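**Student:** Quick one: structure below, then a few questions.
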Amino acid sequence: MSQEPDSPTTTETDDMAAPAGAAPPEPSSWLARLNAGITPWVFYPAAVIIVGFVIFAMALPDAAGEFFESVNGSIVGALGWYYILAVAIFVAFSFYMGLSRFGRIRLGKESDRPEFSTVSWFSMLFAAGMGIGLVFWGVAEPLNHYANPRPAVAGLPQADIAEQAINQSYMHWGIHAWAIYAVVGAAIAYTVHRLGKPMSIRWSLQPVLGKRVKGGLGHAIDVAAVVGTLFGVATSLGLGVSQIASGMEAVDLLSNPGNLAKVVIIGIVTTISLASLLSGVGKGIKWLSNANLVLAGGLMLFVLIAGPTLFLEREFVQSIGTYIQDFIGLTFDVSAYEGQAGEDWQAGWTTFYWGWWIAWAPFVGIFIARISKGRTVGEFVAGVLAVPTIITFLWFSIMGGTALYREIYGAGGLIGEDGSVDSTMSLFTMLADLPGGYLVSIGAIILIALFFITSSDSGSLVVSMLTADGTDDPPRWVRVFWGVTEGLVAAALLVAGGLGALQTASIIAALPFSIVMLLMVVSLWKMFHKEHLRYEFEDRQELLSEIGDHYGLDQPQPDPPPVKRRRMPQMPSLPGRRKAPPAAAATPPADASGAPEAPIATDDTPGGPGPREQQ
């Protein structure tokens, strides 16, 4: 991607030939070569923060665990309502983008068309946005909500609690999660593909922050995005490796796997993922995403056929209605009247999920922006919100519904006598009772490993873009560095406190980026509003032209409306869909001697500054 004049530039190298007799290169030239291809004020601060955290968590795991618990209690207790309200805003704005006049805007030039087929696009959306987490929680979350329900529904009959368990899972994994991704993805896709900016978070805030996006504030925004992404992806990797270890125990490949075994698994799978990472989006990541979709679909169909098929079909239809009915109420529910029990439940579930999705938003947003060039805003929002959500609902309905059916009508055994649920083992326990359960469990382990690889290399690619001047082809050593660092963060979180530390890290990392996202909503509305005004002007001109052609009239060509640049500093003019007619050539005036004056050099004069885009 070409670098714009006003965008941050990399440090120049010292490879230019020096004149004769010049002094030898300074000893610091190696630093210039090292910085070539990266944004130093983003790469180094983010690396210091992440590496410092890894050292702290590995060296002092008990102190790190206490720190996470303390910070988590402070954030959830004081700001849990803020996460709920912020996500409600993102949901409302996403619907507005897709259903309003903004839906016709193209994320790219008017001549651009999608790079990937619709099927490949959907598979990459699904794999990047959910992946490991969906496999991990598909059985475990409905069981947890059934065994330990939300305080507001704890007194309902068991059948109603089971229905609410599926409904609550839909709430956490459905439209709300994808609306968060849609806001970031649309903002990045528009600024990159339409305005020609680098692949970076900061440029999506230029209409709000102006020139400050090029300085320290812009660097801080990208650093927050990098740190949030690392923690969000590491949370998923930690969940995935815990489930891989439990699956290997279920098929007798491991016995009582501890943190050491999990760290070894992280190292092995991270090493494998580097090959896919270095091959880029069009090869390894695309192929793995398609493989993930096929394997996940195969597993889901197997459970549907081998499990209680008729019950699952009926339950899916009914659960959709319950979700639609409770959508608004659950969107704003903060368990305000349930006291400490409600606050604890929110911290363990809804607040954790909203923090997890916001922490993932830079990663998923940039990734889906990268693969969505040429699509309209309406098509983008419909694809991002509808298709992954429907697949997610099918997954929870089939996987979680089968587990609940076993608990209510079958042999049970998935919930302990004390009401506990082994979240890492519940999937394999459920599969073991189905025909061919052993082989299917091995297939599930492979599926989790592939999701692990996809999430790791996709996250590493995005973080590399953020720290390498927004280029979509960052240096290979940068990709390797962040790929290894993600694995280290996941290992550190497991050592420092397991699942609880993973959840807390997401909530903490999401706090600063949630502010960035709220500013992004304002910025995106400004950019889309300006684009829509231009569309309206061009539509009026086209209508006048058609009327003039029909009645044989010569229609005047008025100047386009003035652009108030003070409201959007240094925003480049957008390419129009119709070229303005060329102005009539003017005869240069004569001077006192009667000879015509020499023409004044203009933007369109050979040797002048060059053609300027029509305003």
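Here's how to read the names in the structure tokens: chain A, B, ... by the order shown, residue numbers from 1 in each chain, ligand numbers from 1 in the order shown.
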Please give the complete set of residues from range 141-240 of chain A that DSSP, run on the backbone, assigns to helix (DSSP H, G or I), formatted as a VMD selection string.

**Tutor:** chain A and resid 141 to 147 151 to 153 158 to 173 175 to 194 202 to 214 216 to 240

**Student:** Need the shell around Gln164 in chain A: protein/DNA/RNA residues with any atom at most 9 Å away, counting only C-alpha atoms. Skip same-chain ones fewer than 2 positions apart. Format as a ChimeraX atom specification?

**Tutor:** /A:142,145-146,149-150,153,159-162,166-169,319,322-323

**Student:** Just write the chosen residues, all heavy atoms, as a short mmCIF file (atom, residue, chain, number, x, y, z; two decimals), in the first residue's frame.

**Tutor:**
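again_20.cif was written with the following content:
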data_model
loop_
_atom_site.label_atom_id
_atom_site.label_comp_id
_atom_site.auth_asym_id
_atom_site.auth_seq_id
_atom_site.Cartn_x
_atom_site.Cartn_y
_atom_site.Cartn_z
N PRO A 142 -23.86 -23.16 28.06
CA PRO A 142 -25.24 -23.50 28.44
C PRO A 142 -25.32 -24.36 29.69
O PRO A 142 -26.23 -24.18 30.52
CB PRO A 142 -25.77 -24.26 27.21
CG PRO A 142 -24.95 -23.74 26.06
CD PRO A 142 -23.59 -23.52 26.65
N HIS A 145 -24.84 -22.00 32.68
CA HIS A 145 -26.03 -21.19 32.92
C HIS A 145 -27.18 -22.04 33.49
O HIS A 145 -28.02 -21.52 34.24
CB HIS A 145 -26.49 -20.51 31.63
CG HIS A 145 -25.54 -19.47 31.12
ND1 HIS A 145 -24.82 -18.65 31.96
CD2 HIS A 145 -25.18 -19.12 29.86
CE1 HIS A 145 -24.07 -17.83 31.24
NE2 HIS A 145 -24.26 -18.10 29.96
N TYR A 146 -27.21 -23.31 33.15
CA TYR A 146 -28.25 -24.20 33.68
C TYR A 146 -27.95 -24.58 35.13
O TYR A 146 -28.86 -24.60 35.98
CB TYR A 146 -28.35 -25.44 32.80
CG TYR A 146 -29.37 -26.46 33.27
CD1 TYR A 146 -30.74 -26.21 33.14
CD2 TYR A 146 -28.97 -27.67 33.84
CE1 TYR A 146 -31.68 -27.14 33.57
CE2 TYR A 146 -29.90 -28.60 34.28
CZ TYR A 146 -31.25 -28.33 34.14
OH TYR A 146 -32.18 -29.25 34.57
N PRO A 149 -27.62 -20.51 37.31
CA PRO A 149 -28.27 -19.53 36.45
C PRO A 149 -28.09 -18.10 36.93
O PRO A 149 -27.71 -17.85 38.09
CB PRO A 149 -29.75 -19.94 36.49
CG PRO A 149 -29.90 -20.66 37.79
CD PRO A 149 -28.59 -21.36 38.01
N ARG A 150 -28.37 -17.17 36.03
CA ARG A 150 -28.38 -15.75 36.37
C ARG A 150 -29.36 -15.54 37.52
O ARG A 150 -30.45 -16.09 37.53
CB ARG A 150 -28.78 -14.96 35.13
CG ARG A 150 -28.80 -13.46 35.28
CD ARG A 150 -28.83 -12.81 33.90
NE ARG A 150 -29.90 -13.31 33.06
CZ ARG A 150 -31.11 -12.76 32.97
NH1 ARG A 150 -31.41 -11.67 33.65
NH2 ARG A 150 -32.02 -13.28 32.17
N VAL A 153 -33.19 -15.33 37.11
CA VAL A 153 -34.00 -16.46 36.63
C VAL A 153 -33.78 -17.71 37.47
O VAL A 153 -34.27 -18.78 37.11
CB VAL A 153 -33.66 -16.77 35.14
CG1 VAL A 153 -33.92 -15.57 34.26
CG2 VAL A 153 -32.21 -17.22 34.99
N ALA A 159 -37.14 -26.33 33.20
CA ALA A 159 -37.27 -26.21 31.75
C ALA A 159 -37.05 -24.77 31.30
O ALA A 159 -36.39 -24.51 30.28
CB ALA A 159 -38.64 -26.70 31.30
N ASP A 160 -37.58 -23.81 32.07
CA ASP A 160 -37.39 -22.41 31.72
C ASP A 160 -35.94 -21.98 31.91
O ASP A 160 -35.40 -21.17 31.15
CB ASP A 160 -38.31 -21.53 32.56
CG ASP A 160 -39.78 -21.72 32.22
OD1 ASP A 160 -40.05 -22.18 31.09
OD2 ASP A 160 -40.62 -21.44 33.07
N ILE A 161 -35.30 -22.52 32.95
CA ILE A 161 -33.88 -22.20 33.17
C ILE A 161 -33.04 -22.72 32.01
O ILE A 161 -32.11 -22.07 31.53
CB ILE A 161 -33.40 -22.79 34.51
CG1 ILE A 161 -34.08 -22.07 35.68
CG2 ILE A 161 -31.88 -22.67 34.63
CD1 ILE A 161 -33.71 -22.62 37.05
N ALA A 162 -33.35 -23.92 31.52
CA ALA A 162 -32.62 -24.48 30.37
C ALA A 162 -32.82 -23.61 29.14
O ALA A 162 -31.87 -23.35 28.37
CB ALA A 162 -33.08 -25.90 30.11
N ILE A 166 -29.71 -21.31 26.97
CA ILE A 166 -29.41 -21.16 25.55
C ILE A 166 -29.55 -19.70 25.14
O ILE A 166 -28.70 -19.16 24.40
CB ILE A 166 -30.34 -22.05 24.71
CG1 ILE A 166 -30.06 -23.54 24.96
CG2 ILE A 166 -30.16 -21.74 23.22
CD1 ILE A 166 -28.73 -24.02 24.46
N ASN A 167 -30.57 -19.03 25.62
CA ASN A 167 -30.82 -17.63 25.27
C ASN A 167 -29.67 -16.74 25.72
O ASN A 167 -29.23 -15.85 24.97
CB ASN A 167 -32.13 -17.17 25.92
CG ASN A 167 -32.57 -15.81 25.44
OD1 ASN A 167 -32.33 -15.45 24.29
ND2 ASN A 167 -33.20 -15.04 26.31
N GLN A 168 -29.16 -16.97 26.92
CA GLN A 168 -28.04 -16.16 27.42
C GLN A 168 -26.78 -16.42 26.60
O GLN A 168 -26.00 -15.50 26.34
CB GLN A 168 -27.79 -16.48 28.89
CG GLN A 168 -26.89 -15.49 29.61
CD GLN A 168 -27.56 -14.14 29.81
OE1 GLN A 168 -28.66 -14.05 30.32
NE2 GLN A 168 -26.89 -13.08 29.37
N SER A 169 -26.58 -17.65 26.17
CA SER A 169 -25.43 -17.96 25.31
C SER A 169 -25.55 -17.24 23.97
O SER A 169 -24.57 -16.71 23.45
CB SER A 169 -25.33 -19.48 25.09
OG SER A 169 -25.21 -20.16 26.32
N SER A 319 -35.81 -21.22 20.53
CA SER A 319 -34.79 -20.35 21.13
C SER A 319 -34.60 -19.06 20.33
O SER A 319 -34.30 -18.01 20.91
CB SER A 319 -33.46 -21.10 21.24
OG SER A 319 -32.98 -21.48 19.96
N THR A 322 -37.25 -16.74 21.60
CA THR A 322 -36.91 -16.22 22.94
C THR A 322 -35.84 -15.16 22.85
O THR A 322 -35.90 -14.14 23.56
CB THR A 322 -36.43 -17.38 23.83
OG1 THR A 322 -37.42 -18.41 23.87
CG2 THR A 322 -36.15 -16.91 25.24
N TYR A 323 -34.87 -15.37 21.98
CA TYR A 323 -33.79 -14.38 21.81
C TYR A 323 -34.34 -13.05 21.30
O TYR A 323 -34.00 -11.98 21.82
CB TYR A 323 -32.75 -14.95 20.85
CG TYR A 323 -31.66 -13.97 20.46
CD1 TYR A 323 -30.63 -13.66 21.34
CD2 TYR A 323 -31.65 -13.37 19.20
CE1 TYR A 323 -29.63 -12.78 20.99
CE2 TYR A 323 -30.65 -12.49 18.83
CZ TYR A 323 -29.64 -12.20 19.73
OH TYR A 323 -28.65 -11.32 19.37
#

**Student:** Residues at most 7 Å from range 170-175 of chain A, counting only C-alpha atoms, excluding those fewer than 3 positions away in the same chain, as a list in words?

**Tutor:**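 Listed by chain and then number, they are Ile166, Asn167, Trp178, Ala179, Thr350, Tyr353, Leu385, Thr389, Thr392 and Phe393 of chain A.
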
**Student:** Mind checking which residues fall within 9 Å of Pro257 in chain A, counting only C-alpha atoms, ignoring those fewer than 6 positions away in the same chain, and posting them as number ranges by chain?

**Tutor:** A: 245-246, 248-249

**Student:** For Trp357 in chain A, which residue out of A:Tyr337, A:Trp203, A:Phe311, A:Tyr83 is the nearest one, using only C-alpha atoms?

**Tutor:** A:Tyr83

**Student:** For CA of Gly80 in chain A and CA of Gly416 in chain A, determine how far apart the two atoms are, in Å to one decimal place.

**Tutor:**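 Computing it gives 29.8 Å between the two atoms.
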
**Student:** Would you mind listing, for every residue of range 238-316 of chain A within 10 Å of range 403-408 of chain A, the two atoms forming the shortest contact and the distance between them in Å to one decimal, using only C-alpha atoms, sorted by chain and ascending residue number, as a Markdown table?

**Tutor:**
| residue | atom | partner | partner_atom | distance |
| --- | --- | --- | --- | --- |
| A:Gly307 | CA | A:Tyr405 | CA | 9.2 |
| A:Pro308 | CA | A:Tyr405 | CA | 7.7 |
| A:Phe311 | CA | A:Tyr405 | CA | 8.2 |
| A:Leu312 | CA | A:Tyr405 | CA | 8.8 |

**Student:** Extract, using only C-alpha atoms, all DNA, RNA and protein residues at most 8 Å from range 474-477 of chain A, discarding same-chain residues fewer than 3 positions from it, and format them as a VMD selection string.

**Tutor:** chain A and resid 37 to 38 278 461 464 to 465 468 471 480 to 481

**Student:** Grab the residues selected above and save them as a compact mmCIF listing (two decimals), in the first residue's frame with N, CA, C and O atoms.

**Tutor:**
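Final output, saved to part.txt:
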# COMPACT_ATOMS: atom_id res chain seq x y z
N GLY A 37 10.73 -0.29 8.16
CA GLY A 37 9.58 -1.17 8.03
C GLY A 37 8.69 -1.24 9.25
O GLY A 37 7.66 -1.93 9.22
N ILE A 38 9.03 -0.57 10.35
CA ILE A 38 8.18 -0.58 11.54
C ILE A 38 7.90 0.86 11.97
O ILE A 38 8.54 1.80 11.49
N LEU A 278 3.52 -16.79 7.88
CA LEU A 278 4.46 -16.26 6.90
C LEU A 278 3.96 -16.41 5.47
O LEU A 278 4.47 -15.76 4.56
N LEU A 461 -0.63 -11.36 12.41
CA LEU A 461 -0.58 -10.55 11.20
C LEU A 461 -1.13 -9.15 11.44
O LEU A 461 -0.55 -8.16 11.01
N SER A 464 1.22 -7.14 13.60
CA SER A 464 2.36 -6.75 12.76
C SER A 464 2.02 -5.55 11.89
O SER A 464 2.83 -4.64 11.70
N MET A 465 0.81 -5.53 11.32
CA MET A 465 0.38 -4.38 10.52
C MET A 465 0.37 -3.10 11.37
O MET A 465 0.83 -2.04 10.94
N ALA A 468 3.87 -1.84 11.95
CA ALA A 468 4.72 -1.71 10.76
C ALA A 468 4.14 -0.71 9.77
O ALA A 468 3.98 -0.99 8.59
N THR A 471 1.28 -1.27 6.82
CA THR A 471 1.41 -2.02 5.57
C THR A 471 0.72 -3.37 5.70
O THR A 471 0.69 -3.97 6.78
N VAL A 480 7.03 -12.97 13.02
CA VAL A 480 7.52 -14.03 13.90
C VAL A 480 7.58 -13.54 15.34
O VAL A 480 7.20 -14.26 16.28
N PHE A 481 8.04 -12.30 15.54
CA PHE A 481 8.15 -11.76 16.91
C PHE A 481 6.79 -11.77 17.60
O PHE A 481 6.65 -12.23 18.74

**Student:** So which residues touch Leu274 in chain A within 9 Å, counting only C-alpha atoms, skipping near sequence neighbours fewer than 6 positions away, as a list in words?

**Tutor:**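 Result of the neighbour search: Ile453, Ser456, Asp457, Arg479, Val480, Gly483 and Val484 of chain A.
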
**Student:** Any chance you can output those residues with N, CA, C and O atoms as a PDB file, in the first residue's frame?

**Tutor:**
ATOM      1  N   ILE A 453      -4.359 -22.285  15.520  1.00  0.00           N
ATOM      2  CA  ILE A 453      -3.405 -21.787  14.527  1.00  0.00           C
ATOM      3  C   ILE A 453      -3.978 -20.573  13.799  1.00  0.00           C
ATOM      4  O   ILE A 453      -3.293 -19.558  13.611  1.00  0.00           O
ATOM      5  N   SER A 456      -4.046 -17.531  16.074  1.00  0.00           N
ATOM      6  CA  SER A 456      -2.698 -17.057  16.360  1.00  0.00           C
ATOM      7  C   SER A 456      -2.096 -16.318  15.178  1.00  0.00           C
ATOM      8  O   SER A 456      -1.590 -15.191  15.320  1.00  0.00           O
ATOM      9  N   ASP A 457      -2.143 -16.924  13.982  1.00  0.00           N
ATOM     10  CA  ASP A 457      -1.481 -16.264  12.853  1.00  0.00           C
ATOM     11  C   ASP A 457      -2.270 -15.050  12.360  1.00  0.00           C
ATOM     12  O   ASP A 457      -1.687 -14.058  11.933  1.00  0.00           O
ATOM     13  N   ARG A 479       6.427 -10.398  12.051  1.00  0.00           N
ATOM     14  CA  ARG A 479       5.374 -11.398  12.205  1.00  0.00           C
ATOM     15  C   ARG A 479       5.796 -12.496  13.174  1.00  0.00           C
ATOM     16  O   ARG A 479       5.015 -12.919  14.030  1.00  0.00           O
ATOM     17  N   VAL A 480       7.031 -12.967  13.023  1.00  0.00           N
ATOM     18  CA  VAL A 480       7.524 -14.026  13.897  1.00  0.00           C
ATOM     19  C   VAL A 480       7.584 -13.539  15.345  1.00  0.00           C
ATOM     20  O   VAL A 480       7.195 -14.259  16.281  1.00  0.00           O
ATOM     21  N   GLY A 483       4.074 -13.441  16.734  1.00  0.00           N
ATOM     22  CA  GLY A 483       3.533 -14.788  16.857  1.00  0.00           C
ATOM     23  C   GLY A 483       4.066 -15.500  18.091  1.00  0.00           C
ATOM     24  O   GLY A 483       3.318 -16.149  18.835  1.00  0.00           O
ATOM     25  N   VAL A 484       5.353 -15.370  18.339  1.00  0.00           N
ATOM     26  CA  VAL A 484       5.955 -15.967  19.533  1.00  0.00           C
ATOM     27  C   VAL A 484       5.460 -15.270  20.795  1.00  0.00           C
ATOM     28  O   VAL A 484       5.168 -15.909  21.815  1.00  0.00           O
TER      29      VAL A 484
END

**Student:** Given only C-alpha atoms as the basis, pick out the residue of A:Ile221, A:Glu536, A:Trp121, A:Phe513 nearest to Leu209 in chain A.

**Tutor:**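 Of all the options, A:Ile221 lies closest to Leu209 in chain A.
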
**Student:** As a PyMOL selection string, please: the residues near Arg113 in chain A (cut-off 10 Å, only C-alpha atoms, same-chain neighbours under 2 positions excluded).

**Tutor:** chain A and resi 106-111+115-116+372-376

**Student:** Just checking: using only C-alpha atoms, which residue out of A:Ala386, A:Ala59, A:Asp469, A:Asn290 ends up closest to Lys197 in chain A?

**Tutor:** A:Asp469
